[in-house]
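Novice: One file: final-v6.cif (mmCIF, C-alpha atoms).
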data_protein
#
loop_
_atom_site.label_atom_id
_atom_site.label_comp_id
_atom_site.auth_asym_id
_atom_site.auth_seq_id
_atom_site.Cartn_x
_atom_site.Cartn_y
_atom_site.Cartn_z
CA MET A 1 237.93 78.07 -72.23
CA SER A 2 237.07 74.38 -72.20
CA GLU A 3 236.45 72.55 -68.97
CA THR A 4 239.36 70.57 -67.47
CA LYS A 5 238.94 66.91 -66.55
CA ILE A 6 238.96 67.74 -62.85
CA GLU A 7 236.29 70.42 -63.35
CA LYS A 8 234.20 67.94 -65.28
CA LEU A 9 234.52 65.36 -62.49
CA GLN A 10 233.68 68.01 -59.93
CA ARG A 11 230.54 68.84 -61.92
CA TYR A 12 229.54 65.17 -61.95
CA LEU A 13 230.05 64.96 -58.20
CA HIS A 14 227.80 67.99 -57.75
CA GLY A 15 225.25 66.17 -59.90
CA ILE A 16 225.35 63.23 -57.50
CA GLN A 17 225.25 65.62 -54.55
CA ASN A 18 221.99 67.06 -55.86
CA MET A 19 220.31 63.75 -55.14
CA GLY A 20 218.49 63.78 -51.83
CA GLY A 21 220.40 62.35 -48.90
CA VAL A 22 223.88 62.34 -50.43
CA GLU A 23 226.38 63.65 -47.90
CA GLY A 24 229.49 63.50 -50.03
CA SER A 25 231.17 61.72 -52.90
CA ALA A 26 234.64 61.28 -54.29
CA VAL A 27 236.50 60.04 -57.33
CA VAL A 28 239.47 58.09 -56.09
CA ALA A 29 242.37 56.55 -58.00
CA ARG A 30 242.80 52.81 -57.51
CA ASN A 31 246.14 53.53 -55.82
CA GLY A 32 244.27 55.52 -53.15
CA LEU A 33 245.01 59.07 -54.26
CA ILE A 34 242.18 61.57 -54.38
CA ILE A 35 241.15 62.84 -57.83
CA ALA A 36 238.06 64.92 -57.00
CA SER A 37 235.71 65.16 -54.07
CA SER A 38 232.68 66.96 -52.73
CA PHE A 39 232.98 66.17 -49.04
CA PRO A 40 232.59 68.82 -46.36
CA LYS A 41 235.85 70.52 -45.36
CA ASN A 42 236.07 68.81 -41.98
CA ILE A 43 236.48 65.40 -43.64
CA ASP A 44 240.04 64.16 -44.21
CA GLU A 45 239.65 63.45 -47.93
CA ARG A 46 243.16 62.07 -48.33
CA ARG A 47 242.66 59.41 -45.69
CA PHE A 48 239.14 58.66 -46.90
CA ALA A 49 240.46 58.12 -50.43
CA ALA A 50 243.21 55.81 -49.19
CA MET A 51 240.73 53.83 -47.09
CA SER A 52 238.24 53.56 -49.98
CA ALA A 53 240.91 52.15 -52.28
CA ALA A 54 242.06 49.80 -49.52
CA MET A 55 238.46 48.67 -48.97
CA MET A 56 238.02 47.91 -52.67
CA GLY A 57 241.43 46.20 -52.90
CA THR A 58 240.75 43.98 -49.90
CA ILE A 59 237.28 42.93 -51.08
CA GLU A 60 238.64 42.26 -54.58
CA THR A 61 241.33 40.02 -53.10
CA ALA A 62 238.79 38.20 -50.94
CA ALA A 63 236.48 37.74 -53.93
CA SER A 64 239.31 36.42 -56.06
CA LEU A 65 240.15 33.87 -53.35
CA LEU A 66 236.56 32.64 -53.59
CA LYS A 67 236.82 32.78 -57.41
CA ASN A 68 233.76 35.02 -57.48
CA GLY A 69 234.92 37.29 -60.29
CA GLY A 70 235.40 41.06 -60.22
CA VAL A 71 233.77 43.30 -57.63
CA LYS A 72 231.07 45.62 -58.94
CA LYS A 73 229.92 47.44 -55.84
CA ILE A 74 230.59 47.55 -52.13
CA PHE A 75 227.95 48.58 -49.61
CA ALA A 76 228.81 49.51 -46.08
CA GLU A 77 225.82 50.14 -43.89
CA THR A 78 226.77 52.18 -40.86
CA GLU A 79 224.68 53.48 -37.98
CA TYR A 80 223.77 56.72 -39.76
CA ALA A 81 224.70 56.27 -43.40
CA THR A 82 225.40 53.97 -46.30
CA ILE A 83 228.69 54.07 -48.16
CA VAL A 84 228.69 52.79 -51.71
CA ALA A 85 231.91 52.23 -53.66
CA THR A 86 231.97 51.20 -57.27
CA GLY A 87 234.59 50.91 -59.98
CA ALA A 88 234.73 53.70 -62.55
CA GLY A 89 236.96 51.92 -65.03
CA PRO A 90 240.34 50.33 -64.38
CA LYS A 91 241.90 53.47 -62.92
CA ALA A 92 239.29 54.97 -60.62
CA LEU A 93 236.54 54.41 -58.08
CA LEU A 94 233.43 56.37 -57.26
CA VAL A 95 232.59 56.45 -53.56
CA VAL A 96 229.36 57.95 -52.28
CA SER A 97 228.15 58.43 -48.74
CA ALA A 98 224.39 58.87 -48.29
CA SER A 99 222.14 59.16 -45.26
CA LYS A 100 220.35 56.02 -44.16
CA ASP A 101 216.91 57.28 -45.21
CA SER A 102 217.88 58.16 -48.81
CA ASN A 103 216.21 56.41 -51.75
CA MET A 104 218.67 53.57 -52.31
CA GLY A 105 217.20 52.44 -55.66
CA MET A 106 217.49 55.91 -57.17
CA LEU A 107 220.90 56.38 -55.65
CA LEU A 108 222.26 53.17 -57.18
CA LEU A 109 220.92 54.10 -60.62
CA THR A 110 222.53 57.54 -60.34
CA ILE A 111 225.82 56.06 -59.15
CA GLU A 112 225.92 53.64 -62.11
CA GLU A 113 225.18 56.41 -64.57
CA TYR A 114 227.86 58.71 -63.16
CA ALA A 115 230.42 55.90 -62.74
CA GLN A 116 230.26 55.39 -66.52
CA LYS A 117 230.66 59.13 -67.15
CA ILE A 118 233.60 59.28 -64.74
CA LYS A 119 235.21 56.27 -66.40
CA ASP A 120 235.03 58.07 -69.76
CA VAL A 121 236.70 61.17 -68.32
CA VAL A 122 239.43 59.25 -66.50
CA ASP A 123 240.15 57.01 -69.50
CA GLY A 124 240.15 60.00 -71.84
CA ASN A 125 237.10 58.93 -73.88
CA ASP A 126 235.18 62.07 -72.95
CA GLU A 127 237.08 64.15 -75.54
CA ILE A 128 235.84 61.89 -78.34
CA GLU A 129 232.33 62.16 -76.90
CA ASP A 130 232.62 65.96 -76.70
CA LYS A 131 233.69 66.12 -80.34
CA ASP A 132 230.69 63.96 -81.32
CA VAL A 133 228.39 66.25 -79.37
CA LYS A 134 229.91 69.32 -81.06
CA LYS A 135 229.53 67.68 -84.50
CA THR A 136 225.86 66.85 -83.94
CA GLU A 137 225.31 70.34 -82.50
CA SER A 138 226.85 71.96 -85.59
CA LYS A 139 224.81 69.68 -87.87
CA GLU A 140 221.64 70.62 -86.03
CA SER A 141 222.46 74.32 -86.28
CA LYS A 142 223.00 73.97 -90.05
CA VAL A 143 219.62 72.26 -90.43
CA MET B 1 320.13 48.29 -23.31
CA ASP B 2 317.46 45.93 -22.12
CA GLY B 3 315.04 48.76 -21.60
CA LYS B 4 315.71 50.03 -25.10
CA ILE B 5 314.98 46.63 -26.54
CA LYS B 6 311.93 46.12 -24.36
CA LYS B 7 310.38 49.49 -25.15
CA PRO B 8 309.69 48.93 -28.80
CA ARG B 9 308.48 45.43 -28.02
CA ASP B 10 306.03 46.80 -25.45
CA SER B 11 304.81 49.63 -27.65
CA LYS B 12 304.37 47.18 -30.51
CA HIS B 13 302.51 44.91 -28.19
CA VAL B 14 300.32 47.78 -27.01
CA SER B 15 299.64 49.07 -30.54
CA ASN B 16 298.85 45.53 -31.67
CA LYS B 17 296.40 45.25 -28.83
CA LYS B 18 294.87 48.61 -29.75
CA ASN B 19 294.65 47.59 -33.40
CA LYS B 20 293.01 44.32 -32.48
CA LYS B 21 290.48 46.18 -30.36
CA LYS B 22 289.83 48.62 -33.22
CA VAL B 23 289.37 45.78 -35.71
CA THR B 24 287.01 43.96 -33.36
CA LYS B 25 285.01 47.14 -32.83
CA MET B 26 284.86 47.76 -36.57
CA LYS B 27 283.80 44.17 -37.17
CA GLU B 28 281.15 44.51 -34.48
CA ARG B 29 279.89 47.68 -36.16
CA GLU B 30 279.86 45.96 -39.54
CA VAL B 31 277.93 43.03 -38.14
CA LYS B 32 275.46 45.38 -36.45
CA GLY B 33 275.18 47.55 -39.57
CA GLY B 34 274.70 44.52 -41.78
CA ALA B 35 272.06 43.12 -39.46
CA LEU B 36 270.27 46.49 -39.40
CA ALA B 37 270.37 46.76 -43.18
CA ARG B 38 269.00 43.24 -43.54
CA ALA B 39 266.28 43.95 -40.97
CA LEU B 40 265.34 47.18 -42.79
CA ASN B 41 265.17 45.34 -46.12
CA ALA B 42 263.10 42.56 -44.59
CA TRP B 43 260.73 45.17 -43.19
CA VAL B 44 260.36 47.01 -46.53
CA TYR B 45 259.80 43.71 -48.33
CA ALA B 46 257.26 42.62 -45.72
CA ILE B 47 255.19 45.82 -46.18
CA ALA B 48 255.24 45.40 -49.96
CA LYS B 49 254.30 41.72 -49.78
CA THR B 50 251.59 42.14 -47.13
CA GLY B 51 250.10 44.98 -49.15
CA TYR B 52 250.20 42.93 -52.33
CA LEU B 53 248.58 39.87 -50.74
CA HIS B 54 245.77 42.03 -49.34
CA GLY B 55 245.26 44.04 -52.53
CA ILE B 56 246.38 47.29 -50.91
CA GLN B 57 250.07 47.48 -51.86
CA ASP B 58 250.10 51.10 -53.07
CA VAL B 59 248.04 52.39 -50.17
CA LEU B 60 249.86 50.48 -47.44
CA PHE B 61 253.33 51.24 -48.75
CA ARG B 62 252.66 54.95 -49.29
CA GLU B 63 250.80 55.46 -46.03
CA THR B 64 253.48 53.65 -44.00
CA GLU B 65 256.25 55.65 -45.65
CA ASN B 66 254.32 58.90 -45.19
CA GLU B 67 253.56 58.24 -41.55
CA SER B 68 257.19 57.42 -40.79
CA ALA B 69 258.29 60.60 -42.57
CA TYR B 70 255.82 62.74 -40.61
CA ILE B 71 256.94 61.13 -37.33
CA TYR B 72 260.61 61.69 -38.21
CA PHE B 73 259.99 65.37 -39.08
CA ARG B 74 258.16 65.85 -35.81
CA MET B 75 260.98 64.20 -33.87
CA ARG B 76 263.60 66.38 -35.56
CA ASN B 77 261.36 69.46 -35.57
CA LEU B 78 261.89 69.88 -39.31
CA LYS B 79 259.69 71.78 -41.74
CA VAL B 80 259.53 71.18 -45.48
CA PRO B 81 259.54 74.52 -47.34
CA LYS B 82 256.66 75.28 -49.73
CA SER B 83 257.32 74.79 -53.45
CA LYS B 84 255.86 76.17 -56.67
CA ASN B 85 255.69 72.88 -58.53
CA ALA B 86 256.26 69.14 -58.17
CA LEU B 87 259.80 69.26 -59.54
CA GLU B 88 260.85 71.88 -57.02
CA ALA B 89 259.10 69.99 -54.21
CA CYS B 90 260.97 66.77 -55.05
CA LYS B 91 264.35 68.54 -55.32
CA THR B 92 263.87 70.44 -52.06
CA TYR B 93 262.85 67.29 -50.25
CA ILE B 94 265.84 65.30 -51.50
CA SER B 95 268.18 68.11 -50.38
CA LEU B 96 266.56 67.93 -46.94
CA LEU B 97 267.04 64.15 -46.74
CA ASP B 98 270.62 64.57 -47.93
CA LYS B 99 271.28 67.01 -45.09
CA GLU B 100 269.78 64.51 -42.66
CA GLY B 101 272.16 61.85 -43.98
CA PHE B 102 269.56 59.51 -45.46
CA LEU B 103 270.80 59.62 -49.04
CA ARG B 104 273.06 61.45 -51.46
CA LYS B 105 271.26 64.04 -53.56
CA GLU B 106 273.79 63.43 -56.37
CA ASP B 107 272.18 60.00 -56.89
CA PHE B 108 268.92 61.63 -58.06
CA LYS B 109 268.40 63.18 -61.49
CA PHE B 110 265.13 64.99 -62.15
CA GLN B 111 263.31 65.88 -65.34
CA GLU B 112 259.87 67.44 -65.74
CA LYS B 113 257.57 66.67 -68.64
CA ASN B 114 253.83 67.39 -68.97
CA GLY B 115 253.36 67.94 -65.25
CA LYS B 116 255.07 64.64 -64.40
CA VAL B 117 258.47 64.37 -62.76
CA TYR B 118 260.78 61.66 -64.10
CA VAL B 119 263.43 60.63 -61.60
CA THR B 120 266.50 58.53 -62.32
CA ILE B 121 267.84 57.00 -59.11
CA GLY B 122 271.37 55.66 -59.01
CA GLY B 123 274.05 55.10 -56.39
CA LYS B 124 274.25 52.39 -53.77
CA CYS B 125 270.65 51.65 -52.82
CA PRO B 126 270.07 50.60 -49.19
CA TYR B 127 266.84 48.85 -50.20
CA LYS B 128 268.31 46.87 -53.10
CA MET B 129 267.84 43.55 -51.30
CA ALA B 130 264.13 44.21 -50.70
CA CYS B 131 263.50 45.23 -54.33
CA GLU B 132 265.34 42.19 -55.65
CA MET B 133 263.22 39.93 -53.45
CA MET B 134 260.01 41.62 -54.70
CA TYR B 135 261.15 41.20 -58.29
CA ARG B 136 262.14 37.55 -57.73
CA ASP B 137 258.81 36.71 -56.05
CA GLY B 138 256.71 38.38 -58.75
CA ILE B 139 255.49 41.17 -56.48
CA PRO B 140 255.20 44.60 -58.15
CA VAL B 141 258.34 46.51 -57.22
CA VAL B 142 257.61 49.53 -55.02
CA CYS B 143 260.53 51.86 -54.39
CA ALA B 144 261.05 53.01 -50.80
CA ARG B 145 263.21 55.93 -51.90
CA ALA B 146 260.69 57.02 -54.54
CA ALA B 147 257.67 56.71 -52.24
CA SER B 148 259.10 59.63 -50.29
CA PHE B 149 258.14 61.89 -53.21
CA SER B 150 254.49 61.51 -52.19
CA VAL B 151 255.42 63.13 -48.88
CA ALA B 152 257.50 65.71 -50.75
CA THR B 153 254.57 66.83 -52.89
CA ASP B 154 252.09 66.63 -50.03
CA LEU B 155 254.19 68.81 -47.73
CA GLY B 156 255.68 71.07 -50.38
CA LEU B 157 252.66 71.57 -52.62
CA GLY B 158 249.65 70.45 -50.61
CA LYS B 159 248.84 67.89 -53.31
CA MET B 160 249.80 64.26 -52.99
CA TYR B 161 251.39 62.72 -56.08
CA GLY B 162 251.77 59.00 -56.68
CA THR B 163 254.95 57.19 -57.71
CA VAL B 164 255.37 54.39 -60.23
CA VAL B 165 258.57 52.41 -60.83
CA GLU B 166 259.00 52.60 -64.60
CA LYS B 167 262.34 50.81 -64.88
CA PHE B 168 263.81 48.51 -62.25
CA LYS B 169 267.57 48.07 -62.68
CA PRO B 170 269.19 48.18 -59.24
CA ASP B 171 272.69 47.51 -60.59
CA GLU B 172 272.45 50.48 -62.94
CA LYS B 173 269.77 53.11 -62.41
CA CYS B 174 266.07 52.81 -61.62
CA LYS B 175 263.51 55.14 -63.20
CA VAL B 176 260.48 56.44 -61.34
CA VAL B 177 257.58 58.65 -62.40
CA VAL B 178 256.02 61.06 -59.91
CA GLU B 179 252.55 61.98 -61.12
CA LEU B 180 249.07 63.06 -60.17
CA PRO B 181 246.39 60.37 -60.61
CA LEU B 182 244.73 62.44 -63.35
#
Re-express the file's structure as structure tokens.
Specialist:
Amino acid sequence: MSETKIEKLQRYLHGIQNMGGVEGSAVVARNGLIIASSFPKNIDERRFAAMSAAMMGTIETAASLLKNGGVKKIFAETEYATIVATGAGPKALLVVSASKDSNMGMLLLTIEEYAQKIKDVVDGNDEIEDKDVKKTESKESKV
Amino acid sequence: MDGKIKKPRDSKHVSNKKNKKKVTKMKEREVKGGALARALNAWVYAIAKTGYLHGIQDVLFRETENESAYIYFRMRNLKVPKSKNALEACKTYISLLDKEGFLRKEDFKFQEKNGKVYVTIGGKCPYKMACEMMYRDGIPVVCARAASFSVATDLGLGKMYGTVVEKFKPDEKCKVVVELPL
């Protein structure tokens, strides 16, 4: 059986989780509903998702008041961790929480890479990609 | 003879007085009810507008509605029964609100398609004024009655669905979609 979109997103989140220092991550709809997450069970994911979307919405509004264009990323440096939120297409956000001592450069690269993958899944472009992969795979097997 | 003549006069006088009192009480109630309805509409509109201006309309509206629902259930010691799917959760919830006297379940028509629940909402809407103001001011219309479906799915299914107003026609019927974000 093929993987569902949620399963695919969950796999991506596990990929991010494998990076050192990442405490949790979530794919959140722009309206604040949770799509997928890899946070520990004691975290209120629903509220976190709502707050993440609110955070992005507020910063976007502030940026538009300053005519600074669209928001690409938000960093929140807390006492023990760094929270990074980035857009994953027009419908979703990727939010990652990492410990303060994690490699921020690597983390940002990983987040950008996965945000694009998540965007494709949420927008439904992943199916086209999957078909392309299958086609090339079948071509390779013929060769 | 005099007494006979006086009696009906007095009783008329008394019943007139009673009627006047009744009418005044009814008018008072109407005024209070009207003021309450206007205040409620102003409040709903204010949440929608504040949310919109701060870029958090969906979140603020849903969270406020959810919180008030949870508080109300706690106050009334009510429990929402578990459901098998979103359609059942929405129907059960509307029946519960009907019993509580918030709305008439006959005003809601449900249809399920591809995991989404399409709801047609008719009847006399208590939030009509707020929605019309949102529409007039160019603010995306958020439906206070529909937002309750997020609570319905959260409590009935353990999954929170979102709501989108697909068609806004307060004088006829509004259409709302209850769906998961993905």
Novice: Taking all atoms listed in the file into account, report as a PDB file with C-alpha atoms, keeping the file's coordinate frame which residues of chain A lie within 12 Å of chain B.
Specialist:
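Result file follows (iface_34.pdb):
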ATOM      1  CA  THR A   4     239.360  70.570 -67.470  1.00  0.00           C
ATOM      2  CA  LYS A   5     238.940  66.910 -66.550  1.00  0.00           C
ATOM      3  CA  ILE A   6     238.960  67.740 -62.850  1.00  0.00           C
ATOM      4  CA  GLU A   7     236.290  70.420 -63.350  1.00  0.00           C
ATOM      5  CA  LEU A   9     234.520  65.360 -62.490  1.00  0.00           C
ATOM      6  CA  VAL A  27     236.500  60.040 -57.330  1.00  0.00           C
ATOM      7  CA  VAL A  28     239.470  58.090 -56.090  1.00  0.00           C
ATOM      8  CA  ALA A  29     242.370  56.550 -58.000  1.00  0.00           C
ATOM      9  CA  ARG A  30     242.800  52.810 -57.510  1.00  0.00           C
ATOM     10  CA  ASN A  31     246.140  53.530 -55.820  1.00  0.00           C
ATOM     11  CA  GLY A  32     244.270  55.520 -53.150  1.00  0.00           C
ATOM     12  CA  LEU A  33     245.010  59.070 -54.260  1.00  0.00           C
ATOM     13  CA  ILE A  34     242.180  61.570 -54.380  1.00  0.00           C
ATOM     14  CA  ILE A  35     241.150  62.840 -57.830  1.00  0.00           C
ATOM     15  CA  ALA A  36     238.060  64.920 -57.000  1.00  0.00           C
ATOM     16  CA  GLU A  45     239.650  63.450 -47.930  1.00  0.00           C
ATOM     17  CA  ARG A  46     243.160  62.070 -48.330  1.00  0.00           C
ATOM     18  CA  ARG A  47     242.660  59.410 -45.690  1.00  0.00           C
ATOM     19  CA  PHE A  48     239.140  58.660 -46.900  1.00  0.00           C
ATOM     20  CA  ALA A  49     240.460  58.120 -50.430  1.00  0.00           C
ATOM     21  CA  ALA A  50     243.210  55.810 -49.190  1.00  0.00           C
ATOM     22  CA  MET A  51     240.730  53.830 -47.090  1.00  0.00           C
ATOM     23  CA  SER A  52     238.240  53.560 -49.980  1.00  0.00           C
ATOM     24  CA  ALA A  53     240.910  52.150 -52.280  1.00  0.00           C
ATOM     25  CA  ALA A  54     242.060  49.800 -49.520  1.00  0.00           C
ATOM     26  CA  MET A  55     238.460  48.670 -48.970  1.00  0.00           C
ATOM     27  CA  MET A  56     238.020  47.910 -52.670  1.00  0.00           C
ATOM     28  CA  GLY A  57     241.430  46.200 -52.900  1.00  0.00           C
ATOM     29  CA  THR A  58     240.750  43.980 -49.900  1.00  0.00           C
ATOM     30  CA  ILE A  59     237.280  42.930 -51.080  1.00  0.00           C
ATOM     31  CA  GLU A  60     238.640  42.260 -54.580  1.00  0.00           C
ATOM     32  CA  THR A  61     241.330  40.020 -53.100  1.00  0.00           C
ATOM     33  CA  ALA A  62     238.790  38.200 -50.940  1.00  0.00           C
ATOM     34  CA  ALA A  63     236.480  37.740 -53.930  1.00  0.00           C
ATOM     35  CA  SER A  64     239.310  36.420 -56.060  1.00  0.00           C
ATOM     36  CA  LEU A  65     240.150  33.870 -53.350  1.00  0.00           C
ATOM     37  CA  LYS A  91     241.900  53.470 -62.920  1.00  0.00           C
ATOM     38  CA  ALA A  92     239.290  54.970 -60.620  1.00  0.00           C
ATOM     39  CA  LEU A  93     236.540  54.410 -58.080  1.00  0.00           C
ATOM     40  CA  ILE A 118     233.600  59.280 -64.740  1.00  0.00           C
ATOM     41  CA  LYS A 119     235.210  56.270 -66.400  1.00  0.00           C
ATOM     42  CA  VAL A 121     236.700  61.170 -68.320  1.00  0.00           C
ATOM     43  CA  VAL A 122     239.430  59.250 -66.500  1.00  0.00           C
ATOM     44  CA  ASP A 123     240.150  57.010 -69.500  1.00  0.00           C
ATOM     45  CA  GLY A 124     240.150  60.000 -71.840  1.00  0.00           C
TER      46      GLY A 124
END
Novice: Quote the spacing between atom CA of A:Pro40 and atom CA of A:Gly105 in Å to one decimal place.
Specialist: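 It comes out at 24.3 Å.
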Novice: Using all atoms listed in the file, list the residues that have an atom at most 7 Å from (227.1, 53.5, -57.6), coordinates as in the file, as number ranges by chain.
Specialist: A: 73, 84-86, 94, 108-112, 115
Novice: Just the number, please: distance in Å from atom CA of B:Phe108 to atom CA of B:Ala86, one decimal.
Specialist: 14.7 Å
Novice: Find the distance between atom CA of B:Tyr45 and atom CA of B:Gln111 and write it in Å to one decimal.
Specialist: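 So the answer is 28.2 Å.
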Novice: Written as a PyMOL selection string, what is the full residue list that the PyMOL selection byres ((chain B and resi 149) around 8) yields on the file shown?
Specialist: chain B and resi 90+93+145-148+150-153+161-163+178
Novice: Give as a PDB file with C-alpha atoms, keeping the file's coordinate frame every residue, naming chains and numbers as the document does, that has an atom within 12 Å of (263.4, 51.3, -65.7), counting all atoms listed in the file.
Specialist:
ATOM      1  CA  TYR B 118     260.780  61.660 -64.100  1.00  0.00           C
ATOM      2  CA  VAL B 119     263.430  60.630 -61.600  1.00  0.00           C
ATOM      3  CA  THR B 120     266.500  58.530 -62.320  1.00  0.00           C
ATOM      4  CA  ILE B 121     267.840  57.000 -59.110  1.00  0.00           C
ATOM      5  CA  GLY B 122     271.370  55.660 -59.010  1.00  0.00           C
ATOM      6  CA  VAL B 141     258.340  46.510 -57.220  1.00  0.00           C
ATOM      7  CA  CYS B 143     260.530  51.860 -54.390  1.00  0.00           C
ATOM      8  CA  VAL B 164     255.370  54.390 -60.230  1.00  0.00           C
ATOM      9  CA  VAL B 165     258.570  52.410 -60.830  1.00  0.00           C
ATOM     10  CA  GLU B 166     259.000  52.600 -64.600  1.00  0.00           C
ATOM     11  CA  LYS B 167     262.340  50.810 -64.880  1.00  0.00           C
ATOM     12  CA  PHE B 168     263.810  48.510 -62.250  1.00  0.00           C
ATOM     13  CA  LYS B 169     267.570  48.070 -62.680  1.00  0.00           C
ATOM     14  CA  PRO B 170     269.190  48.180 -59.240  1.00  0.00           C
ATOM     15  CA  ASP B 171     272.690  47.510 -60.590  1.00  0.00           C
ATOM     16  CA  GLU B 172     272.450  50.480 -62.940  1.00  0.00           C
ATOM     17  CA  LYS B 173     269.770  53.110 -62.410  1.00  0.00           C
ATOM     18  CA  CYS B 174     266.070  52.810 -61.620  1.00  0.00           C
ATOM     19  CA  LYS B 175     263.510  55.140 -63.200  1.00  0.00           C
ATOM     20  CA  VAL B 176     260.480  56.440 -61.340  1.00  0.00           C
ATOM     21  CA  VAL B 177     257.580  58.650 -62.400  1.00  0.00           C
TER      22      VAL B 177
END
Novice: As lines of an AutoDock Vina configuration file, what would the box around stretch 9-22 of chain A look like: edges along x, y and z, 5 Å added on every side, centre and edge lengths in Å to one decimal?
Specialist:
center_x = 226.5
center_y = 65.6
center_z = -55.7
size_x = 26.0
size_y = 16.5
size_z = 23.6
Novice: Evaluate the PyMOL selection byres ((chain A and resi 16) around 8) against this structure - the residues, as a tab-separated table (two decimals) with C-alpha atoms, in the frame of the given file, please.
Specialist:
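That gives us expr.tsv:
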chain	number	residue	atom	x	y	z
A	12	TYR	CA	229.54	65.17	-61.95
A	13	LEU	CA	230.05	64.96	-58.20
A	14	HIS	CA	227.80	67.99	-57.75
A	15	GLY	CA	225.25	66.17	-59.90
A	17	GLN	CA	225.25	65.62	-54.55
A	18	ASN	CA	221.99	67.06	-55.86
A	19	MET	CA	220.31	63.75	-55.14
A	22	VAL	CA	223.88	62.34	-50.43
A	25	SER	CA	231.17	61.72	-52.90
A	110	THR	CA	222.53	57.54	-60.34
A	111	ILE	CA	225.82	56.06	-59.15
A	114	TYR	CA	227.86	58.71	-63.16
Novice: Identify, on the basis of all atoms listed in the file, every residue whose closest approach to B:Gly138 does not exceed 12 Å; exclude the query and any residue fewer than 5 positions from it along the same chain; express the result as a PyMOL selection string.
Specialist: chain B and resi 48-49+52-53+131-133
Novice: For C-alpha atoms, I'd like the residues from the last selection saved as a PDB file, keeping the file's coordinate frame.
Specialist:
ATOM      1  CA  ALA B  48     255.240  45.400 -49.960  1.00  0.00           C
ATOM      2  CA  LYS B  49     254.300  41.720 -49.780  1.00  0.00           C
ATOM      3  CA  TYR B  52     250.200  42.930 -52.330  1.00  0.00           C
ATOM      4  CA  LEU B  53     248.580  39.870 -50.740  1.00  0.00           C
ATOM      5  CA  CYS B 131     263.500  45.230 -54.330  1.00  0.00           C
ATOM      6  CA  GLU B 132     265.340  42.190 -55.650  1.00  0.00           C
ATOM      7  CA  MET B 133     263.220  39.930 -53.450  1.00  0.00           C
TER       8      MET B 133
END
Novice: With all atoms listed in the file as the basis for distance, which of A:Asn125, A:Ser37, A:Asn42, A:Asn68 is at the shortest distance from A:Gly24?
Specialist: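 Of A:Asn125, A:Ser37, A:Asn42, A:Asn68, the one nearest A:Gly24, counting all atoms listed in the file, is A:Ser37.
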